[in-house]
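This is structure01.json (JSON, C-alpha atoms).
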[["chain", "number", "residue", "atom", "x", "y", "z"],
["A", 12, "MET", "CA", -27.63, 20.92, 55.81],
["A", 13, "ARG", "CA", -26.16, 19.02, 52.85],
["A", 14, "ASP", "CA", -24.68, 15.56, 53.21],
["A", 15, "VAL", "CA", -21.21, 15.36, 51.66],
["A", 16, "VAL", "CA", -20.82, 11.64, 51.05],
["A", 17, "PHE", "CA", -17.25, 10.46, 50.34],
["A", 18, "VAL", "CA", -16.98, 7.02, 48.73],
["A", 19, "LEU", "CA", -13.69, 5.44, 49.84],
["A", 20, "MET", "CA", -12.15, 2.60, 47.89],
["A", 21, "PRO", "CA", -9.23, 0.32, 48.73],
["A", 22, "ASN", "CA", -5.90, 2.04, 48.00],
["A", 23, "VAL", "CA", -7.59, 5.47, 48.26],
["A", 24, "VAL", "CA", -5.40, 8.57, 47.90],
["A", 25, "LEU", "CA", -5.76, 10.30, 51.26],
["A", 26, "LEU", "CA", -5.27, 13.81, 49.91],
["A", 27, "ASP", "CA", -8.26, 13.28, 47.59],
["A", 28, "VAL", "CA", -10.34, 12.83, 50.74],
["A", 29, "ALA", "CA", -8.67, 15.08, 53.29],
["A", 30, "GLY", "CA", -8.43, 18.21, 51.13],
["A", 31, "PRO", "CA", -12.11, 18.46, 50.13],
["A", 32, "ALA", "CA", -13.31, 17.14, 53.52],
["A", 33, "ASP", "CA", -11.40, 19.84, 55.38],
["A", 34, "ALA", "CA", -12.70, 22.50, 52.99],
["A", 35, "PHE", "CA", -16.32, 21.48, 53.64],
["A", 36, "ARG", "CA", -15.61, 21.26, 57.39],
["A", 37, "SER", "CA", -14.19, 24.78, 57.37],
["A", 38, "ALA", "CA", -17.16, 26.04, 55.36],
["A", 39, "ASP", "CA", -19.52, 24.54, 57.93],
["A", 40, "ARG", "CA", -17.67, 26.42, 60.67],
["A", 41, "LYS", "CA", -18.16, 29.66, 58.71],
["A", 42, "VAL", "CA", -21.82, 28.89, 57.92],
["A", 43, "PRO", "CA", -23.05, 26.47, 60.62],
["A", 44, "GLY", "CA", -25.42, 23.80, 59.40],
["A", 45, "SER", "CA", -24.28, 23.91, 55.77],
["A", 46, "TYR", "CA", -22.39, 20.61, 55.33],
["A", 47, "ARG", "CA", -22.23, 17.22, 57.06],
["A", 48, "PRO", "CA", -19.40, 14.92, 55.88],
["A", 49, "ARG", "CA", -20.07, 11.18, 55.72],
["A", 50, "PHE", "CA", -17.64, 8.43, 54.74],
["A", 51, "VAL", "CA", -19.00, 5.31, 53.05],
["A", 52, "ALA", "CA", -17.35, 2.33, 51.40],
["A", 53, "PRO", "CA", -18.15, -1.07, 49.88],
["A", 54, "LEU", "CA", -16.11, -2.58, 52.76],
["A", 55, "PRO", "CA", -16.19, -1.90, 56.53],
["A", 56, "SER", "CA", -12.59, -0.70, 56.34],
["A", 57, "VAL", "CA", -10.14, 0.19, 53.59],
["A", 58, "THR", "CA", -6.39, 0.68, 53.54],
["A", 59, "ALA", "CA", -5.20, 3.89, 51.93],
["A", 60, "SER", "CA", -2.31, 4.05, 49.48],
["A", 61, "VAL", "CA", 0.02, 5.28, 52.24],
["A", 62, "GLY", "CA", -0.75, 2.21, 54.39],
["A", 63, "LEU", "CA", -3.16, 3.85, 56.86],
["A", 64, "THR", "CA", -6.28, 1.77, 57.55],
["A", 65, "LEU", "CA", -9.59, 3.63, 57.75],
["A", 66, "GLY", "CA", -12.24, 1.76, 59.74],
["A", 67, "ALA", "CA", -15.84, 2.03, 60.96],
["A", 68, "LEU", "CA", -16.94, 3.24, 57.53],
["A", 69, "GLU", "CA", -20.64, 3.39, 56.67],
["A", 70, "PRO", "CA", -21.91, 0.90, 54.09],
["A", 71, "LEU", "CA", -23.02, 2.23, 50.71],
["A", 72, "PRO", "CA", -26.43, 3.80, 51.49],
["A", 73, "GLU", "CA", -29.63, 2.66, 49.82],
["A", 74, "GLU", "CA", -30.32, 6.26, 48.80],
["A", 75, "LEU", "CA", -28.96, 9.75, 49.29],
["A", 76, "ALA", "CA", -30.83, 12.75, 50.60],
["A", 77, "PRO", "CA", -31.92, 15.30, 47.99],
["A", 78, "GLY", "CA", -29.20, 17.86, 47.34],
["A", 79, "ALA", "CA", -26.42, 15.66, 48.69],
["A", 80, "LEU", "CA", -22.90, 15.91, 47.33],
["A", 81, "LEU", "CA", -21.46, 12.55, 46.30],
["A", 82, "VAL", "CA", -17.65, 12.59, 46.19],
["A", 83, "LEU", "CA", -15.88, 9.77, 44.35],
["A", 84, "THR", "CA", -12.24, 9.82, 45.40],
["A", 85, "GLY", "CA", -9.25, 8.48, 43.52],
["A", 86, "ILE", "CA", -7.10, 5.41, 44.03],
["A", 87, "ALA", "CA", -3.36, 4.97, 43.54],
["A", 88, "GLY", "CA", -2.06, 2.63, 40.89],
["A", 89, "ALA", "CA", -1.92, 2.07, 37.17],
["A", 90, "GLY", "CA", -5.67, 1.90, 36.65],
["A", 91, "THR", "CA", -9.12, 1.02, 37.99],
["A", 92, "ASP", "CA", -9.96, -2.69, 37.79],
["A", 93, "PRO", "CA", -13.77, -2.99, 37.38],
["A", 94, "HIS", "CA", -13.59, -6.71, 38.29],
["A", 95, "GLU", "CA", -12.02, -6.18, 41.71],
["A", 96, "PRO", "CA", -14.79, -7.12, 44.21],
["A", 97, "ALA", "CA", -15.01, -3.79, 46.06],
["A", 98, "THR", "CA", -14.88, -1.83, 42.81],
["A", 99, "ARG", "CA", -17.52, -4.08, 41.28],
["A", 100, "ARG", "CA", -19.83, -3.43, 44.24],
["A", 101, "ALA", "CA", -19.29, 0.34, 44.00],
["A", 102, "ILE", "CA", -20.03, 0.36, 40.27],
["A", 103, "ALA", "CA", -23.21, -1.67, 40.79],
["A", 104, "TRP", "CA", -24.28, 0.74, 43.55],
["A", 105, "LEU", "CA", -23.74, 3.75, 41.29],
["A", 106, "ARG", "CA", -25.67, 2.07, 38.46],
["A", 107, "SER", "CA", -28.57, 1.24, 40.79],
["A", 108, "GLY", "CA", -29.66, 4.87, 40.96],
["A", 109, "ALA", "CA", -29.03, 5.12, 44.70],
["A", 110, "ALA", "CA", -27.24, 8.41, 44.05],
["A", 111, "ALA", "CA", -29.96, 9.84, 41.82],
["A", 112, "GLY", "CA", -30.57, 13.48, 42.64],
["A", 113, "ALA", "CA", -27.13, 13.99, 44.18],
["A", 114, "GLU", "CA", -24.51, 16.32, 42.75],
["A", 115, "LEU", "CA", -21.56, 14.20, 41.64],
["A", 116, "LEU", "CA", -18.01, 15.35, 42.39],
["A", 117, "CYS", "CA", -15.17, 13.18, 41.08],
["A", 118, "VAL", "CA", -11.62, 13.63, 42.35],
["A", 119, "CYS", "CA", -8.76, 12.13, 40.33],
["A", 120, "THR", "CA", -9.64, 8.56, 39.21],
["A", 121, "GLY", "CA", -13.05, 8.90, 40.82],
["A", 122, "SER", "CA", -13.89, 10.02, 37.27],
["A", 123, "VAL", "CA", -12.91, 6.58, 35.96],
["A", 124, "LEU", "CA", -15.14, 4.89, 38.54],
["A", 125, "ALA", "CA", -18.02, 7.13, 37.45],
["A", 126, "ALA", "CA", -17.27, 6.30, 33.82],
["A", 127, "HIS", "CA", -17.48, 2.55, 34.50],
["A", 128, "ALA", "CA", -20.96, 3.21, 35.95],
["A", 129, "GLY", "CA", -22.05, 5.11, 32.83],
["A", 130, "LEU", "CA", -22.38, 8.46, 34.64],
["A", 131, "LEU", "CA", -20.14, 10.44, 32.29],
["A", 132, "ALA", "CA", -21.72, 9.49, 28.96],
["A", 133, "GLY", "CA", -22.19, 12.57, 26.80],
["A", 134, "ARG", "CA", -20.50, 14.87, 29.32],
["A", 135, "GLU", "CA", -17.34, 16.95, 29.39],
["A", 136, "CYS", "CA", -14.97, 15.70, 32.08],
["A", 137, "THR", "CA", -11.36, 15.36, 33.15],
["A", 138, "THR", "CA", -9.13, 13.36, 35.49],
["A", 139, "HIS", "CA", -5.49, 13.15, 36.62],
["A", 140, "HIS", "CA", -3.18, 13.60, 33.61],
["A", 141, "GLU", "CA", -1.80, 10.07, 34.01],
["A", 142, "HIS", "CA", -5.31, 8.59, 33.58],
["A", 143, "ILE", "CA", -6.67, 10.68, 30.69],
["A", 144, "GLU", "CA", -6.33, 7.85, 28.16],
["A", 145, "GLU", "CA", -7.84, 5.33, 30.59],
["A", 146, "LEU", "CA", -10.88, 7.59, 30.99],
["A", 147, "ARG", "CA", -11.23, 7.89, 27.22],
["A", 148, "ARG", "CA", -11.09, 4.11, 26.82],
["A", 149, "VAL", "CA", -13.64, 3.43, 29.56],
["A", 150, "GLU", "CA", -16.15, 6.03, 28.34],
["A", 151, "PRO", "CA", -15.69, 6.90, 24.66],
["A", 152, "ARG", "CA", -19.00, 8.81, 24.71],
["A", 153, "ALA", "CA", -17.52, 11.44, 27.05],
["A", 154, "ARG", "CA", -15.54, 14.48, 25.92],
["A", 155, "VAL", "CA", -12.39, 14.15, 28.01],
["A", 156, "LEU", "CA", -10.54, 17.47, 28.45],
["A", 157, "GLU", "CA", -6.84, 17.65, 29.23],
["A", 158, "ASN", "CA", -4.93, 20.19, 31.31],
["A", 159, "ARG", "CA", -7.90, 21.29, 33.40],
["A", 160, "ILE", "CA", -8.08, 21.76, 37.16],
["A", 161, "PHE", "CA", -11.73, 20.75, 37.06],
["A", 162, "VAL", "CA", -14.61, 20.61, 34.59],
["A", 163, "GLN", "CA", -18.25, 21.19, 35.45],
["A", 164, "ASP", "CA", -20.99, 19.77, 33.24],
["A", 165, "GLY", "CA", -24.43, 20.10, 34.81],
["A", 166, "PRO", "CA", -24.64, 18.18, 38.09],
["A", 167, "VAL", "CA", -21.31, 16.42, 37.44],
["A", 168, "THR", "CA", -17.93, 18.02, 38.21],
["A", 169, "THR", "CA", -14.65, 16.19, 37.69],
["A", 170, "SER", "CA", -11.17, 17.27, 38.75],
["A", 171, "ALA", "CA", -7.57, 16.50, 37.94],
["A", 172, "GLY", "CA", -7.06, 15.01, 41.37],
["A", 173, "VAL", "CA", -4.83, 15.28, 44.44],
["A", 174, "THR", "CA", -4.62, 19.03, 45.25],
["A", 175, "ALA", "CA", -7.13, 19.81, 42.47],
["A", 176, "GLY", "CA", -9.78, 18.18, 44.66],
["A", 177, "LEU", "CA", -9.36, 21.13, 47.01],
["A", 178, "ASP", "CA", -9.93, 23.56, 44.14],
["A", 179, "LEU", "CA", -13.05, 21.60, 43.25],
["A", 180, "ALA", "CA", -14.37, 21.83, 46.81],
["A", 181, "LEU", "CA", -13.69, 25.59, 46.98],
["A", 182, "HIS", "CA", -15.52, 26.05, 43.68],
["A", 183, "VAL", "CA", -18.59, 24.20, 44.99],
["A", 184, "ILE", "CA", -18.52, 26.12, 48.27],
["A", 185, "GLY", "CA", -18.35, 29.36, 46.32],
["A", 186, "GLN", "CA", -21.36, 28.37, 44.23],
["A", 187, "GLN", "CA", -23.46, 27.24, 47.18],
["A", 188, "LEU", "CA", -22.46, 29.59, 50.01],
["A", 189, "GLY", "CA", -21.01, 32.54, 48.13],
["A", 190, "PRO", "CA", -17.55, 33.56, 46.91],
["A", 191, "HIS", "CA", -16.74, 35.36, 50.16],
["A", 192, "VAL", "CA", -17.13, 32.09, 52.11],
["A", 193, "ALA", "CA", -14.91, 30.24, 49.63],
["A", 194, "ALA", "CA", -12.30, 32.99, 49.96],
["A", 195, "GLU", "CA", -12.40, 32.75, 53.76],
["A", 196, "VAL", "CA", -12.06, 28.94, 53.63],
["A", 197, "ALA", "CA", -9.10, 29.23, 51.23],
["A", 198, "ARG", "CA", -7.43, 31.64, 53.65],
["A", 199, "VAL", "CA", -8.02, 29.29, 56.60],
["A", 200, "LEU", "CA", -6.44, 26.45, 54.61],
["A", 201, "VAL", "CA", -3.58, 28.72, 53.47],
["A", 202, "VAL", "CA", -4.15, 28.05, 49.77],
["A", 203, "TYR", "CA", -4.77, 30.23, 46.75],
["A", 204, "LEU", "CA", -8.37, 30.43, 45.57],
["A", 205, "ARG", "CA", -8.03, 29.40, 41.96],
["A", 206, "ARG", "CA", -10.51, 29.23, 39.10],
["A", 207, "ALA", "CA", -10.75, 26.57, 36.41],
["A", 208, "GLY", "CA", -9.95, 27.18, 32.76],
["A", 209, "THR", "CA", -13.59, 26.49, 31.93],
["A", 210, "ASP", "CA", -14.70, 29.70, 33.65],
["A", 211, "PRO", "CA", -15.49, 32.52, 31.19],
["A", 212, "ALA", "CA", -13.35, 35.00, 33.14],
["A", 213, "LEU", "CA", -11.69, 35.49, 36.48],
["A", 214, "SER", "CA", -14.43, 36.30, 38.98],
["A", 215, "PRO", "CA", -14.14, 39.81, 40.50],
["A", 216, "TRP", "CA", -14.93, 38.22, 43.86],
["A", 217, "VAL", "CA", -11.58, 36.39, 43.86],
["A", 218, "MET", "CA", -9.36, 38.85, 41.97],
["A", 219, "HIS", "CA", -6.47, 40.34, 43.97],
["A", 220, "ARG", "CA", -6.75, 37.63, 46.66],
["A", 221, "ASN", "CA", -3.82, 35.38, 45.74],
["A", 222, "HIS", "CA", -1.75, 36.53, 48.72],
["A", 223, "LEU", "CA", -1.40, 35.67, 52.39],
["A", 224, "HIS", "CA", -1.27, 39.08, 54.09],
["A", 225, "PRO", "CA", -3.78, 39.01, 56.99],
["A", 226, "ALA", "CA", -4.45, 42.77, 57.17],
["A", 227, "VAL", "CA", -5.20, 43.02, 53.46],
["A", 228, "HIS", "CA", -7.45, 39.96, 53.65],
["A", 229, "ARG", "CA", -9.22, 41.49, 56.64],
["A", 230, "VAL", "CA", -10.05, 44.60, 54.63],
["A", 231, "GLN", "CA", -11.13, 42.55, 51.60],
["A", 232, "ASP", "CA", -13.39, 40.40, 53.78],
["A", 233, "ALA", "CA", -15.03, 43.49, 55.27],
["A", 234, "VAL", "CA", -15.67, 45.03, 51.84],
["A", 235, "ILE", "CA", -17.14, 41.80, 50.47],
["A", 236, "ARG", "CA", -19.47, 41.51, 53.47],
["A", 237, "ASP", "CA", -20.83, 45.04, 52.94],
["A", 238, "PRO", "CA", -19.93, 46.53, 49.54],
["A", 239, "ALA", "CA", -22.39, 49.43, 49.90],
["A", 240, "ALA", "CA", -20.88, 50.78, 53.14],
["A", 241, "ALA", "CA", -19.44, 54.28, 52.94],
["A", 242, "TRP", "CA", -15.84, 53.06, 52.71],
["A", 243, "SER", "CA", -13.22, 55.76, 53.01],
["A", 244, "SER", "CA", -9.46, 55.42, 53.17],
["A", 245, "ALA", "CA", -9.60, 56.04, 56.91],
["A", 246, "GLN", "CA", -12.31, 53.43, 57.51],
["A", 247, "LEU", "CA", -10.47, 50.81, 55.49],
["A", 248, "ALA", "CA", -7.28, 51.56, 57.37],
["A", 249, "ALA", "CA", -9.12, 51.18, 60.69],
["A", 250, "VAL", "CA", -10.22, 47.68, 59.65],
["A", 251, "ALA", "CA", -6.60, 46.82, 58.87],
["A", 252, "CYS", "CA", -5.38, 48.41, 62.14],
["A", 253, "THR", "CA", -2.84, 50.49, 60.27],
["A", 254, "GLY", "CA", -2.51, 53.93, 58.68],
["A", 255, "ALA", "CA", -4.10, 54.86, 55.36],
["A", 256, "ARG", "CA", -0.74, 55.37, 53.61],
["A", 257, "ASN", "CA", 0.59, 52.05, 54.88],
["A", 258, "LEU", "CA", -2.58, 50.25, 53.79],
["A", 259, "THR", "CA", -2.18, 51.69, 50.30],
["A", 260, "ARG", "CA", 1.40, 50.38, 50.25],
["A", 261, "LEU", "CA", 0.29, 46.94, 51.49],
["A", 262, "PHE", "CA", -2.44, 46.70, 48.86],
["A", 263, "ALA", "CA", -0.02, 47.69, 46.10],
["A", 264, "GLU", "CA", 2.51, 45.07, 47.24],
["A", 265, "HIS", "CA", 0.17, 42.16, 47.95],
["A", 266, "ALA", "CA", -3.10, 42.76, 46.05],
["A", 267, "ARG", "CA", -1.67, 44.74, 43.12],
["A", 268, "CYS", "CA", -4.37, 47.42, 43.38],
["A", 269, "SER", "CA", -5.36, 50.29, 45.65],
["A", 270, "PRO", "CA", -7.85, 49.83, 48.53],
["A", 271, "LEU", "CA", -10.43, 52.11, 46.90],
["A", 272, "ASP", "CA", -10.03, 50.41, 43.53],
["A", 273, "TYR", "CA", -10.80, 47.13, 45.29],
["A", 274, "VAL", "CA", -13.96, 48.67, 46.80],
["A", 275, "GLN", "CA", -15.09, 49.76, 43.33],
["A", 276, "LEU", "CA", -14.38, 46.30, 41.91],
["A", 277, "ILE", "CA", -16.48, 44.55, 44.55],
["A", 278, "ARG", "CA", -19.29, 47.09, 44.18],
["A", 279, "PHE", "CA", -19.25, 46.41, 40.44],
["A", 280, "ALA", "CA", -19.38, 42.64, 41.05],
["A", 281, "PHE", "CA", -22.33, 43.07, 43.43],
["A", 282, "ALA", "CA", -24.13, 45.36, 40.97],
["A", 283, "LYS", "CA", -23.59, 42.89, 38.14],
["A", 284, "GLN", "CA", -25.07, 40.14, 40.31],
["A", 285, "LEU", "CA", -28.13, 42.31, 41.06],
["A", 286, "VAL", "CA", -28.57, 43.19, 37.38],
["A", 287, "THR", "CA", -28.43, 39.53, 36.39],
["A", 288, "GLU", "CA", -30.49, 38.03, 39.20],
["A", 289, "SER", "CA", -33.10, 40.71, 40.01],
["A", 290, "ARG", "CA", -35.53, 43.03, 38.26],
["A", 291, "LEU", "CA", -34.40, 46.17, 40.10],
["A", 292, "ASP", "CA", -33.95, 49.23, 37.89],
["A", 293, "LEU", "CA", -30.43, 50.56, 37.52],
["A", 294, "GLU", "CA", -30.90, 53.42, 40.01],
["A", 295, "ARG", "CA", -31.86, 50.97, 42.77],
["A", 296, "VAL", "CA", -29.08, 48.60, 41.77],
["A", 297, "ALA", "CA", -26.61, 51.49, 42.05],
["A", 298, "ALA", "CA", -27.94, 52.48, 45.47],
["A", 299, "ARG", "CA", -27.77, 48.94, 46.85],
["A", 300, "ALA", "CA", -24.23, 48.45, 45.54],
["A", 301, "GLY", "CA", -22.94, 51.70, 47.04],
["A", 302, "PHE", "CA", -22.82, 53.94, 43.95],
["A", 303, "GLY", "CA", -24.08, 57.52, 44.07],
["A", 304, "SER", "CA", -26.15, 57.17, 40.91],
["A", 305, "ALA", "CA", -26.82, 54.97, 37.90],
["A", 306, "GLN", "CA", -24.46, 57.22, 35.89],
["A", 307, "HIS", "CA", -21.70, 56.57, 38.44],
["A", 308, "LEU", "CA", -22.37, 52.83, 38.19],
["A", 309, "ARG", "CA", -22.14, 52.95, 34.39],
["A", 310, "ARG", "CA", -18.76, 54.73, 34.54],
["A", 311, "VAL", "CA", -17.31, 52.16, 36.94],
["A", 312, "TRP", "CA", -18.99, 49.28, 35.06],
["A", 313, "ALA", "CA", -17.15, 50.24, 31.86],
["A", 314, "ARG", "CA", -13.80, 49.69, 33.58],
["A", 315, "TRP", "CA", -14.37, 45.94, 33.89],
["A", 316, "GLU", "CA", -17.13, 45.00, 31.47],
["A", 317, "ARG", "CA", -17.36, 45.77, 27.76],
["A", 318, "ARG", "CA", -21.09, 45.00, 27.50],
["A", 319, "PRO", "CA", -23.56, 47.40, 29.15],
["A", 320, "PRO", "CA", -25.81, 46.38, 32.08],
["A", 321, "SER", "CA", -28.78, 46.06, 29.72],
["A", 322, "ALA", "CA", -27.06, 43.17, 27.92],
["A", 323, "PHE", "CA", -26.94, 41.14, 31.14],
["A", 324, "ARG", "CA", -30.54, 41.97, 32.03],
["A", 325, "ALA", "CA", -31.69, 40.79, 28.58],
["A", 326, "ALA", "CA", -29.68, 37.58, 28.85],
["A", 327, "ALA", "CA", -31.16, 36.81, 32.28],
["A", 328, "ASP", "CA", -34.80, 37.44, 31.31],
["A", 329, "PRO", "CA", -36.47, 34.30, 29.85],
["A", 330, "PRO", "CA", -38.21, 34.76, 26.49],
["A", 331, "ARG", "CA", -41.88, 35.65, 26.85],
["A", 332, "PRO", "CA", -44.57, 33.96, 24.77],
["A", 333, "ALA", "CA", -46.08, 36.02, 21.98],
["A", 334, "GLN", "CA", -49.30, 37.83, 22.90]]

Could you render the structure from this file as structure tokens?
Amino acid sequence: MRDVVFVLMPNVVLLDVAGPADAFRSADRKVPGSYRPRFVAPLPSVTASVGLTLGALEPLPEELAPGALLVLTGIAGAGTDPHEPATRRAIAWLRSGAAAGAELLCVCTGSVLAAHAGLLAGRECTTHHEHIEELRRVEPRARVLENRIFVQDGPVTTSAGVTAGLDLALHVIGQQLGPHVAAEVARVLVVYLRRAGTDPALSPWVMHRNHLHPAVHRVQDAVIRDPAAAWSSAQLAAVACTGARNLTRLFAEHARCSPLDYVQLIRFAFAKQLVTESRLDLERVAARAGFGSAQHLRRVWARWERRPPSAFRAAADPPRPAQ
């Protein structure tokens, strides 16, 4: 169970809170006991930018549990005034080290609040496009990136704000609970599962999922849950509750690939994960991922990855001291 601690400031943008909070709530429904939202503030109640008053808020805690997620949400307005009493208290709390050990997530101008507390020094970061220059002024030691949905630098992730906070939450859920859980949460929230420009490539786990067709999603969910199953056209069609020819048509229209191509893609992604994170030989990797042999895995691998499996195994193995 991870605490997800939202820090709410006066004039808070509700979507900065509600989007990520609902994503973590949905993830906890998928994986019970994974997240526990908490809402804290430097004041007992705050009024949001839309005029809604939020009360019975927890005070800023003396410390956070190890592994907690600390979410700094944005405020509406021209800028963040560090001399405003509530803001001054929040900055002092952040500087006190009370959040040490937590993973910091900044939504919109939450990045500026973190910058005032010195938490972005030397890091890559971003914020809402209207506050990029403010962030640069507040923390000149940071490398502020424009036109990014979110930027991750170690234990600190910053986002462009508003709906980008939802992308940030889905990214964190995918890292912590797996890409299949993030995809299921995105489908529950009826949003696309997007990736940030800082990612090296589009993850195979989320390719072909920017659609809203329930039968196609149902098949994709089943394949992700068990890539090594003996999937045939008939079995995939049974999951979708339709005929094999109709499922092929639905996949072409909505996922832009065939059902069996999708199976191969997910098996490749699973195999790549095993190659990178385990010491299994390639024959056992192939068997666990659903391929008939290591040679079969290599043929499919070459469709999506230029470098051979051995390159990923070498990159994952730490250097050994000389004997």

Considering all atoms listed in the file, return as a compact mmCIF listing (two decimals) with C-alpha atoms, keeping the file's coordinate frame whatever protein or nucleic-acid residues lie within 12 Å of Arg295 of chain A, sequence-local ones (same chain, fewer than 2 positions apart) excluded.
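And here is the file that came out, around.txt:
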# COMPACT_ATOMS: atom_id res chain seq x y z
CA ALA A 239 -22.39 49.43 49.90
CA ALA A 282 -24.13 45.36 40.97
CA LEU A 285 -28.13 42.31 41.06
CA VAL A 286 -28.57 43.19 37.38
CA SER A 289 -33.10 40.71 40.01
CA ARG A 290 -35.53 43.03 38.26
CA LEU A 291 -34.40 46.17 40.10
CA ASP A 292 -33.95 49.23 37.89
CA LEU A 293 -30.43 50.56 37.52
CA ALA A 297 -26.61 51.49 42.05
CA ALA A 298 -27.94 52.48 45.47
CA ARG A 299 -27.77 48.94 46.85
CA ALA A 300 -24.23 48.45 45.54
CA GLY A 301 -22.94 51.70 47.04
CA PHE A 302 -22.82 53.94 43.95
CA GLY A 303 -24.08 57.52 44.07
CA SER A 304 -26.15 57.17 40.91
CA ALA A 305 -26.82 54.97 37.90
CA GLN A 306 -24.46 57.22 35.89
CA LEU A 308 -22.37 52.83 38.19

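Rounded to one decimal, atom CA of Pro48 of chain A and atom CA of Ala171 of chain A lie 21.5 Å from each other.
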
> What does the distance from atom CA of Ala67 of chain A to atom CA of Ala52 of chain A come to in Å, to one decimal?
Replying inline: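 Atom-to-atom, atom CA of Ala67 of chain A and atom CA of Ala52 of chain A are spaced 9.7 Å apart.
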
> Using all atoms listed in the file, which of A:Glu264, A:Asp164, A:Glu145, A:Asp237 sits nearest Gly90 of chain A?
Replying inline: A:Glu145

> Suppose you want the space between atom CA of Val227 of chain A and atom CA of Val183 of chain A; what is it in Å?
Replying inline: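 Interatomic distance here is 24.6 Å.
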